[in-house]
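K.L.:
My structure file entry.pdb, PDB, N, CA and C atoms, is below:
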MODEL        1
ATOM      1  N   MET A   1      31.016 -63.925  30.845
ATOM      2  CA  MET A   1      31.699 -64.606  31.922
ATOM      3  C   MET A   1      31.716 -66.102  31.610
ATOM      4  N   PRO A   2      32.872 -66.723  31.661
ATOM      5  CA  PRO A   2      32.936 -68.170  31.422
ATOM      6  C   PRO A   2      32.128 -68.942  32.465
ATOM      7  N   SER A   3      31.554 -70.040  32.042
ATOM      8  CA  SER A   3      30.737 -70.851  32.946
ATOM      9  C   SER A   3      31.621 -71.611  33.932
ATOM     10  N   ARG A   4      30.990 -72.099  34.985
ATOM     11  CA  ARG A   4      31.704 -72.918  35.967
ATOM     12  C   ARG A   4      32.238 -74.174  35.298
ATOM     13  N   LYS A   5      31.453 -74.740  34.371
ATOM     14  CA  LYS A   5      31.903 -75.942  33.666
ATOM     15  C   LYS A   5      33.190 -75.677  32.893
ATOM     16  N   LEU A   6      33.278 -74.516  32.250
ATOM     17  CA  LEU A   6      34.477 -74.185  31.498
ATOM     18  C   LEU A   6      35.669 -74.009  32.437
ATOM     19  N   HIS A   7      35.462 -73.331  33.566
ATOM     20  CA  HIS A   7      36.537 -73.182  34.547
ATOM     21  C   HIS A   7      37.006 -74.554  35.047
ATOM     22  N   ASN A   8      36.058 -75.419  35.374
ATOM     23  CA  ASN A   8      36.402 -76.744  35.876
ATOM     24  C   ASN A   8      37.120 -77.577  34.819
ATOM     25  N   LEU A   9      36.671 -77.475  33.574
ATOM     26  CA  LEU A   9      37.309 -78.215  32.491
ATOM     27  C   LEU A   9      38.756 -77.746  32.291
ATOM     28  N   ALA A  10      38.969 -76.452  32.329
ATOM     29  CA  ALA A  10      40.331 -75.923  32.185
ATOM     30  C   ALA A  10      41.225 -76.453  33.304
ATOM     31  N   ASN A  11      40.711 -76.481  34.525
ATOM     32  CA  ASN A  11      41.498 -77.027  35.635
ATOM     33  C   ASN A  11      41.801 -78.504  35.423
ATOM     34  N   LYS A  12      40.798 -79.242  34.972
ATOM     35  CA  LYS A  12      40.982 -80.681  34.737
ATOM     36  C   LYS A  12      42.067 -80.916  33.689
ATOM     37  N   LEU A  13      42.007 -80.148  32.613
ATOM     38  CA  LEU A  13      42.980 -80.316  31.534
ATOM     39  C   LEU A  13      44.382 -79.874  31.944
ATOM     40  N   LEU A  14      44.479 -78.786  32.690
ATOM     41  CA  LEU A  14      45.786 -78.215  33.021
ATOM     42  C   LEU A  14      46.366 -78.714  34.335
ATOM     43  N   LEU A  15      45.500 -79.066  35.292
ATOM     44  CA  LEU A  15      45.985 -79.441  36.623
ATOM     45  C   LEU A  15      45.665 -80.874  37.021
ATOM     46  N   GLY A  16      44.835 -81.549  36.215
ATOM     47  CA  GLY A  16      44.518 -82.939  36.509
ATOM     48  C   GLY A  16      43.306 -83.143  37.397
ATOM     49  N   GLU A  17      42.730 -82.077  37.900
ATOM     50  CA  GLU A  17      41.500 -82.168  38.695
ATOM     51  C   GLU A  17      40.703 -80.876  38.548
ATOM     52  N   GLU A  18      39.399 -80.958  38.797
ATOM     53  CA  GLU A  18      38.520 -79.818  38.547
ATOM     54  C   GLU A  18      38.686 -78.680  39.555
ATOM     55  N   LEU A  19      38.934 -79.004  40.813
ATOM     56  CA  LEU A  19      39.041 -77.994  41.869
ATOM     57  C   LEU A  19      37.843 -77.047  41.850
ATOM     58  N   GLU A  20      36.657 -77.628  41.790
ATOM     59  CA  GLU A  20      35.410 -76.877  41.693
ATOM     60  C   GLU A  20      35.256 -75.900  42.855
ATOM     61  N   TRP A  21      35.718 -76.287  44.031
ATOM     62  CA  TRP A  21      35.561 -75.427  45.202
ATOM     63  C   TRP A  21      36.279 -74.094  45.035
ATOM     64  N   VAL A  22      37.418 -74.107  44.320
ATOM     65  CA  VAL A  22      38.156 -72.866  44.091
ATOM     66  C   VAL A  22      37.300 -71.909  43.252
ATOM     67  N   ASN A  23      36.710 -72.431  42.183
ATOM     68  CA  ASN A  23      35.860 -71.600  41.334
ATOM     69  C   ASN A  23      34.617 -71.125  42.078
ATOM     70  N   ALA A  24      34.089 -71.954  42.961
ATOM     71  CA  ALA A  24      32.923 -71.560  43.755
ATOM     72  C   ALA A  24      33.271 -70.408  44.693
ATOM     73  N   VAL A  25      34.431 -70.484  45.330
ATOM     74  CA  VAL A  25      34.867 -69.411  46.237
ATOM     75  C   VAL A  25      35.081 -68.119  45.458
ATOM     76  N   ILE A  26      35.776 -68.214  44.333
ATOM     77  CA  ILE A  26      36.094 -67.021  43.552
ATOM     78  C   ILE A  26      34.823 -66.325  43.065
ATOM     79  N   ASP A  27      33.835 -67.089  42.652
ATOM     80  CA  ASP A  27      32.613 -66.500  42.104
ATOM     81  C   ASP A  27      31.485 -66.347  43.122
ATOM     82  N   ALA A  28      31.740 -66.639  44.384
ATOM     83  CA  ALA A  28      30.695 -66.509  45.407
ATOM     84  C   ALA A  28      30.062 -65.115  45.437
ATOM     85  N   PRO A  29      30.824 -64.038  45.297
ATOM     86  CA  PRO A  29      30.197 -62.699  45.314
ATOM     87  C   PRO A  29      29.324 -62.404  44.087
ATOM     88  N   ALA A  30      29.343 -63.247  43.072
ATOM     89  CA  ALA A  30      28.584 -62.973  41.838
ATOM     90  C   ALA A  30      27.083 -62.871  42.093
ATOM     91  N   LYS A  31      26.574 -63.631  43.058
ATOM     92  CA  LYS A  31      25.142 -63.599  43.339
ATOM     93  C   LYS A  31      24.708 -62.227  43.843
ATOM     94  N   LEU A  32      25.599 -61.583  44.573
ATOM     95  CA  LEU A  32      25.297 -60.265  45.123
ATOM     96  C   LEU A  32      25.655 -59.121  44.187
ATOM     97  N   TYR A  33      26.824 -59.243  43.549
ATOM     98  CA  TYR A  33      27.369 -58.111  42.797
ATOM     99  C   TYR A  33      27.318 -58.272  41.280
ATOM    100  N   LEU A  34      26.824 -59.399  40.797
ATOM    101  CA  LEU A  34      26.743 -59.689  39.367
ATOM    102  C   LEU A  34      28.093 -59.457  38.685
ATOM    103  N   LYS A  35      28.140 -58.662  37.621
ATOM    104  CA  LYS A  35      29.406 -58.465  36.916
ATOM    105  C   LYS A  35      30.445 -57.754  37.776
ATOM    106  N   GLY A  36      29.996 -56.998  38.755
ATOM    107  CA  GLY A  36      30.919 -56.306  39.650
ATOM    108  C   GLY A  36      31.627 -57.228  40.634
ATOM    109  N   HIS A  37      31.264 -58.508  40.607
ATOM    110  CA  HIS A  37      31.864 -59.446  41.569
ATOM    111  C   HIS A  37      33.359 -59.617  41.371
ATOM    112  N   ARG A  38      33.869 -59.251  40.214
ATOM    113  CA  ARG A  38      35.293 -59.470  39.950
ATOM    114  C   ARG A  38      36.195 -58.533  40.747
ATOM    115  N   LYS A  39      35.604 -57.615  41.479
ATOM    116  CA  LYS A  39      36.382 -56.788  42.407
ATOM    117  C   LYS A  39      36.866 -57.635  43.580
ATOM    118  N   TYR A  40      36.200 -58.780  43.780
ATOM    119  CA  TYR A  40      36.477 -59.640  44.924
ATOM    120  C   TYR A  40      37.029 -60.982  44.462
ATOM    121  N   PHE A  41      38.061 -61.448  45.120
ATOM    122  CA  PHE A  41      38.665 -62.768  44.864
ATOM    123  C   PHE A  41      39.238 -62.931  43.457
ATOM    124  N   HIS A  42      39.528 -61.850  42.778
ATOM    125  CA  HIS A  42      40.064 -61.947  41.425
ATOM    126  C   HIS A  42      41.430 -61.258  41.296
ATOM    127  N   SER A  43      42.231 -61.316  42.340
ATOM    128  CA  SER A  43      43.563 -60.697  42.292
ATOM    129  C   SER A  43      44.639 -61.761  42.522
ATOM    130  N   LYS A  44      45.868 -61.389  42.249
ATOM    131  CA  LYS A  44      46.983 -62.314  42.492
ATOM    132  C   LYS A  44      47.114 -62.604  43.984
ATOM    133  N   GLU A  45      46.822 -61.611  44.806
ATOM    134  CA  GLU A  45      46.887 -61.819  46.255
ATOM    135  C   GLU A  45      45.851 -62.848  46.707
ATOM    136  N   ASP A  46      44.672 -62.798  46.098
ATOM    137  CA  ASP A  46      43.635 -63.786  46.419
ATOM    138  C   ASP A  46      44.055 -65.183  45.973
ATOM    139  N   ALA A  47      44.741 -65.272  44.834
ATOM    140  CA  ALA A  47      45.249 -66.565  44.365
ATOM    141  C   ALA A  47      46.274 -67.110  45.365
ATOM    142  N   LYS A  48      47.108 -66.228  45.895
ATOM    143  CA  LYS A  48      48.088 -66.655  46.907
ATOM    144  C   LYS A  48      47.384 -67.153  48.158
ATOM    145  N   LEU A  49      46.326 -66.461  48.571
ATOM    146  CA  LEU A  49      45.564 -66.884  49.739
ATOM    147  C   LEU A  49      44.946 -68.261  49.515
ATOM    148  N   LEU A  50      44.364 -68.479  48.337
ATOM    149  CA  LEU A  50      43.792 -69.792  48.039
ATOM    150  C   LEU A  50      44.876 -70.869  47.996
ATOM    151  N   ALA A  51      46.067 -70.506  47.546
ATOM    152  CA  ALA A  51      47.184 -71.463  47.556
ATOM    153  C   ALA A  51      47.552 -71.833  48.987
ATOM    154  N   LEU A  52      47.541 -70.855  49.885
ATOM    155  CA  LEU A  52      47.827 -71.135  51.298
ATOM    156  C   LEU A  52      46.754 -72.022  51.913
ATOM    157  N   LEU A  53      45.499 -71.767  51.546
ATOM    158  CA  LEU A  53      44.389 -72.529  52.109
ATOM    159  C   LEU A  53      44.269 -73.930  51.518
ATOM    160  N   GLY A  54      44.485 -74.053  50.210
ATOM    161  CA  GLY A  54      44.201 -75.327  49.554
ATOM    162  C   GLY A  54      45.365 -75.957  48.824
ATOM    163  N   GLY A  55      46.548 -75.367  48.923
ATOM    164  CA  GLY A  55      47.710 -75.930  48.248
ATOM    165  C   GLY A  55      47.995 -75.239  46.918
ATOM    166  N   GLY A  56      49.109 -75.624  46.335
ATOM    167  CA  GLY A  56      49.577 -75.000  45.106
ATOM    168  C   GLY A  56      48.611 -75.105  43.947
ATOM    169  N   LYS A  57      47.941 -76.249  43.828
ATOM    170  CA  LYS A  57      46.985 -76.402  42.720
ATOM    171  C   LYS A  57      45.815 -75.434  42.865
ATOM    172  N   ALA A  58      45.419 -75.150  44.091
ATOM    173  CA  ALA A  58      44.319 -74.201  44.307
ATOM    174  C   ALA A  58      44.732 -72.809  43.839
ATOM    175  N   GLY A  59      45.951 -72.413  44.134
ATOM    176  CA  GLY A  59      46.450 -71.120  43.671
ATOM    177  C   GLY A  59      46.531 -71.052  42.159
ATOM    178  N   LYS A  60      47.001 -72.137  41.550
ATOM    179  CA  LYS A  60      47.065 -72.184  40.081
ATOM    180  C   LYS A  60      45.661 -72.143  39.479
ATOM    181  N   ALA A  61      44.716 -72.856  40.097
ATOM    182  CA  ALA A  61      43.333 -72.844  39.613
ATOM    183  C   ALA A  61      42.755 -71.437  39.680
ATOM    184  N   ALA A  62      43.102 -70.696  40.718
ATOM    185  CA  ALA A  62      42.632 -69.318  40.844
ATOM    186  C   ALA A  62      43.191 -68.456  39.719
ATOM    187  N   LEU A  63      44.465 -68.643  39.401
ATOM    188  CA  LEU A  63      45.074 -67.876  38.306
ATOM    189  C   LEU A  63      44.462 -68.247  36.957
ATOM    190  N   ILE A  64      44.177 -69.532  36.762
ATOM    191  CA  ILE A  64      43.520 -69.976  35.525
ATOM    192  C   ILE A  64      42.130 -69.339  35.431
ATOM    193  N   HIS A  65      41.413 -69.333  36.548
ATOM    194  CA  HIS A  65      40.083 -68.727  36.596
ATOM    195  C   HIS A  65      40.161 -67.254  36.177
ATOM    196  N   GLN A  66      41.104 -66.542  36.762
ATOM    197  CA  GLN A  66      41.265 -65.116  36.452
ATOM    198  C   GLN A  66      41.621 -64.918  34.979
ATOM    199  N   PHE A  67      42.488 -65.760  34.453
ATOM    200  CA  PHE A  67      42.874 -65.661  33.046
ATOM    201  C   PHE A  67      41.672 -65.852  32.135
ATOM    202  N   LEU A  68      40.877 -66.890  32.410
ATOM    203  CA  LEU A  68      39.697 -67.157  31.581
ATOM    204  C   LEU A  68      38.701 -66.005  31.665
ATOM    205  N   ASP A  69      38.482 -65.484  32.866
ATOM    206  CA  ASP A  69      37.543 -64.375  33.018
ATOM    207  C   ASP A  69      37.967 -63.155  32.204
ATOM    208  N   LYS A  70      39.261 -62.917  32.141
ATOM    209  CA  LYS A  70      39.752 -61.746  31.413
ATOM    210  C   LYS A  70      39.801 -61.959  29.909
ATOM    211  N   ASN A  71      39.934 -63.197  29.476
ATOM    212  CA  ASN A  71      40.211 -63.459  28.066
ATOM    213  C   ASN A  71      39.112 -64.152  27.284
ATOM    214  N   ILE A  72      38.070 -64.629  27.947
ATOM    215  CA  ILE A  72      36.982 -65.291  27.227
ATOM    216  C   ILE A  72      35.669 -64.595  27.575
ATOM    217  N   PRO A  73      35.274 -63.614  26.767
ATOM    218  CA  PRO A  73      33.997 -62.947  27.035
ATOM    219  C   PRO A  73      32.819 -63.887  26.800
ATOM    220  N   SER A  74      31.703 -63.556  27.383
ATOM    221  CA  SER A  74      30.504 -64.396  27.311
ATOM    222  C   SER A  74      30.082 -64.690  25.881
ATOM    223  N   ILE A  75      30.160 -63.708  25.006
ATOM    224  CA  ILE A  75      29.719 -63.900  23.616
ATOM    225  C   ILE A  75      30.556 -64.971  22.936
ATOM    226  N   VAL A  76      31.863 -64.929  23.151
ATOM    227  CA  VAL A  76      32.750 -65.932  22.559
ATOM    228  C   VAL A  76      32.428 -67.302  23.130
ATOM    229  N   GLN A  77      32.231 -67.355  24.437
ATOM    230  CA  GLN A  77      31.959 -68.638  25.076
ATOM    231  C   GLN A  77      30.687 -69.279  24.525
ATOM    232  N   ARG A  78      29.650 -68.474  24.296
ATOM    233  CA  ARG A  78      28.398 -69.022  23.763
ATOM    234  C   ARG A  78      28.613 -69.670  22.402
ATOM    235  N   ASN A  79      29.596 -69.188  21.663
ATOM    236  CA  ASN A  79      29.855 -69.727  20.333
ATOM    237  C   ASN A  79      30.784 -70.934  20.345
ATOM    238  N   ILE A  80      31.352 -71.239  21.478
ATOM    239  CA  ILE A  80      32.231 -72.404  21.565
ATOM    240  C   ILE A  80      31.389 -73.596  22.000
ATOM    241  N   LYS A  81      30.635 -74.130  21.068
ATOM    242  CA  LYS A  81      29.730 -75.232  21.387
ATOM    243  C   LYS A  81      30.488 -76.474  21.819
ATOM    244  N   PHE A  82      31.727 -76.570  21.410
ATOM    245  CA  PHE A  82      32.550 -77.713  21.786
ATOM    246  C   PHE A  82      32.543 -77.914  23.292
ATOM    247  N   PHE A  83      32.728 -76.839  24.048
ATOM    248  CA  PHE A  83      32.787 -76.965  25.502
ATOM    249  C   PHE A  83      31.440 -77.352  26.088
ATOM    250  N   LYS A  84      30.375 -76.843  25.519
ATOM    251  CA  LYS A  84      29.054 -77.149  26.051
ATOM    252  C   LYS A  84      28.605 -78.553  25.664
ATOM    253  N   LEU A  85      28.867 -78.954  24.427
ATOM    254  CA  LEU A  85      28.365 -80.235  23.943
ATOM    255  C   LEU A  85      29.262 -81.412  24.326
ATOM    256  N   GLU A  86      30.560 -81.169  24.403
ATOM    257  CA  GLU A  86      31.494 -82.269  24.607
ATOM    258  C   GLU A  86      32.102 -82.328  26.003
ATOM    259  N   TYR A  87      31.686 -81.470  26.898
ATOM    260  CA  TYR A  87      32.261 -81.425  28.243
ATOM    261  C   TYR A  87      32.250 -82.798  28.926
ATOM    262  N   ASP A  88      31.097 -83.432  28.956
ATOM    263  CA  ASP A  88      30.985 -84.728  29.625
ATOM    264  C   ASP A  88      31.822 -85.796  28.929
ATOM    265  N   ASN A  89      31.878 -85.757  27.601
ATOM    266  CA  ASN A  89      32.681 -86.727  26.865
ATOM    267  C   ASN A  89      34.171 -86.562  27.182
ATOM    268  N   ILE A  90      34.632 -85.327  27.265
ATOM    269  CA  ILE A  90      36.046 -85.064  27.572
ATOM    270  C   ILE A  90      36.355 -85.560  28.978
ATOM    271  N   LEU A  91      35.485 -85.245  29.915
ATOM    272  CA  LEU A  91      35.721 -85.689  31.309
ATOM    273  C   LEU A  91      35.750 -87.207  31.403
ATOM    274  N   SER A  92      34.838 -87.876  30.719
ATOM    275  CA  SER A  92      34.823 -89.341  30.796
ATOM    276  C   SER A  92      36.098 -89.929  30.176
ATOM    277  N   LEU A  93      36.600 -89.325  29.116
ATOM    278  CA  LEU A  93      37.859 -89.784  28.537
ATOM    279  C   LEU A  93      39.022 -89.562  29.491
ATOM    280  N   LEU A  94      39.060 -88.426  30.153
ATOM    281  CA  LEU A  94      40.131 -88.127  31.107
ATOM    282  C   LEU A  94      40.068 -89.059  32.320
ATOM    283  N   LYS A  95      38.857 -89.342  32.774
ATOM    284  CA  LYS A  95      38.701 -90.210  33.938
ATOM    285  C   LYS A  95      39.088 -91.654  33.626
ATOM    286  N   SER A  96      38.955 -92.063  32.375
ATOM    287  CA  SER A  96      39.267 -93.441  32.017
ATOM    288  C   SER A  96      40.768 -93.683  31.913
ATOM    289  N   LYS A  97      41.566 -92.613  31.890
ATOM    290  CA  LYS A  97      43.025 -92.769  31.793
ATOM    291  C   LYS A  97      43.632 -93.099  33.126
TER     292      LYS A  97
ENDMDL
END
Take the structure in the file and give it back as structure tokens.

P.N.:
Amino acid sequence: MPSRKLHNLANKLLLGEELEWVNAVIDAPAKLYLKGHRKYFHSKEDAKLLALLGGGKAGKAALIHQFLDKNIPSIVQRNIKFFKLEYDNILSLLKSK
């Protein structure tokens, strides 16, 4: 499962802001259901609901979250040291623009 930092970084790069709250809502059931949490808040309908609640960027962030969850398994993510080591550097560069 991609980390919250990776989800937030993808939003920052693609949407211009982290929208951390969207990722928090989507993954809220993870504490209870662990890997089974993706049964909840991981559908296109849920993305539409988040768009209604938080605007178009929130809906897009939800879709990005779902895409990353489906396409970046945990093993691959652990090997992408770039995201773990350079996350803060990338954010500081983006914020300075």

K.L.:
State, in Å with one decimal place, the distance from CA of Ser43 in chain A to atom C of Pro73 in chain A.

P.N.:
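Separating CA of Ser43 in chain A from atom C of Pro73 in chain A is a distance of 19.1 Å.
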
K.L.:
In Å to one decimal, how far is CA of Val22 in chain A from CA of Leu9 in chain A?

P.N.:
12.8 Å

K.L.:
Mind giving me the straight-line distance from atom C of Ser3 in chain A to CA of Ala61 in chain A in Å, one decimal?

P.N.:
13.1 Å

K.L.:
Excluding Ala47 in chain A and any residue of its chain fewer than 3 positions from it, enumerate the residues within 7 Å of it, using only N, CA and C atoms, and give them as an NGL selection string.

P.N.:
:A and (41-44 or 50-52 or 58-60 or 62-63)

K.L.:
Selected residues, N, CA and C atoms, written as a compact mmCIF listing (two decimals), in the coordinates of the input, please.

P.N.:
# COMPACT_ATOMS: atom_id res chain seq x y z
N PHE A 41 38.06 -61.45 45.12
CA PHE A 41 38.66 -62.77 44.86
C PHE A 41 39.24 -62.93 43.46
N HIS A 42 39.53 -61.85 42.78
CA HIS A 42 40.06 -61.95 41.42
C HIS A 42 41.43 -61.26 41.30
N SER A 43 42.23 -61.32 42.34
CA SER A 43 43.56 -60.70 42.29
C SER A 43 44.64 -61.76 42.52
N LYS A 44 45.87 -61.39 42.25
CA LYS A 44 46.98 -62.31 42.49
C LYS A 44 47.11 -62.60 43.98
N LEU A 50 44.36 -68.48 48.34
CA LEU A 50 43.79 -69.79 48.04
C LEU A 50 44.88 -70.87 48.00
N ALA A 51 46.07 -70.51 47.55
CA ALA A 51 47.18 -71.46 47.56
C ALA A 51 47.55 -71.83 48.99
N LEU A 52 47.54 -70.86 49.88
CA LEU A 52 47.83 -71.14 51.30
C LEU A 52 46.75 -72.02 51.91
N ALA A 58 45.42 -75.15 44.09
CA ALA A 58 44.32 -74.20 44.31
C ALA A 58 44.73 -72.81 43.84
N GLY A 59 45.95 -72.41 44.13
CA GLY A 59 46.45 -71.12 43.67
C GLY A 59 46.53 -71.05 42.16
N LYS A 60 47.00 -72.14 41.55
CA LYS A 60 47.06 -72.18 40.08
C LYS A 60 45.66 -72.14 39.48
N ALA A 62 43.10 -70.70 40.72
CA ALA A 62 42.63 -69.32 40.84
C ALA A 62 43.19 -68.46 39.72
N LEU A 63 44.46 -68.64 39.40
CA LEU A 63 45.07 -67.88 38.31
C LEU A 63 44.46 -68.25 36.96

K.L.:
Please identify all polymer residues within 7 Å of Glu18 in chain A, counting all atoms listed in the file, omitting same-chain residues fewer than 5 positions from it, and present them as a list in words.

P.N.:
His7, Asn8, Leu9, Ala10, Asn11, Lys12 and Leu13 of chain A

K.L.:
With distances taken over only N, CA and C atoms, which of A:Ile26, A:Leu15, A:Leu68, A:Leu49 is nearest to Met1 in chain A?

P.N.:
A:Leu68
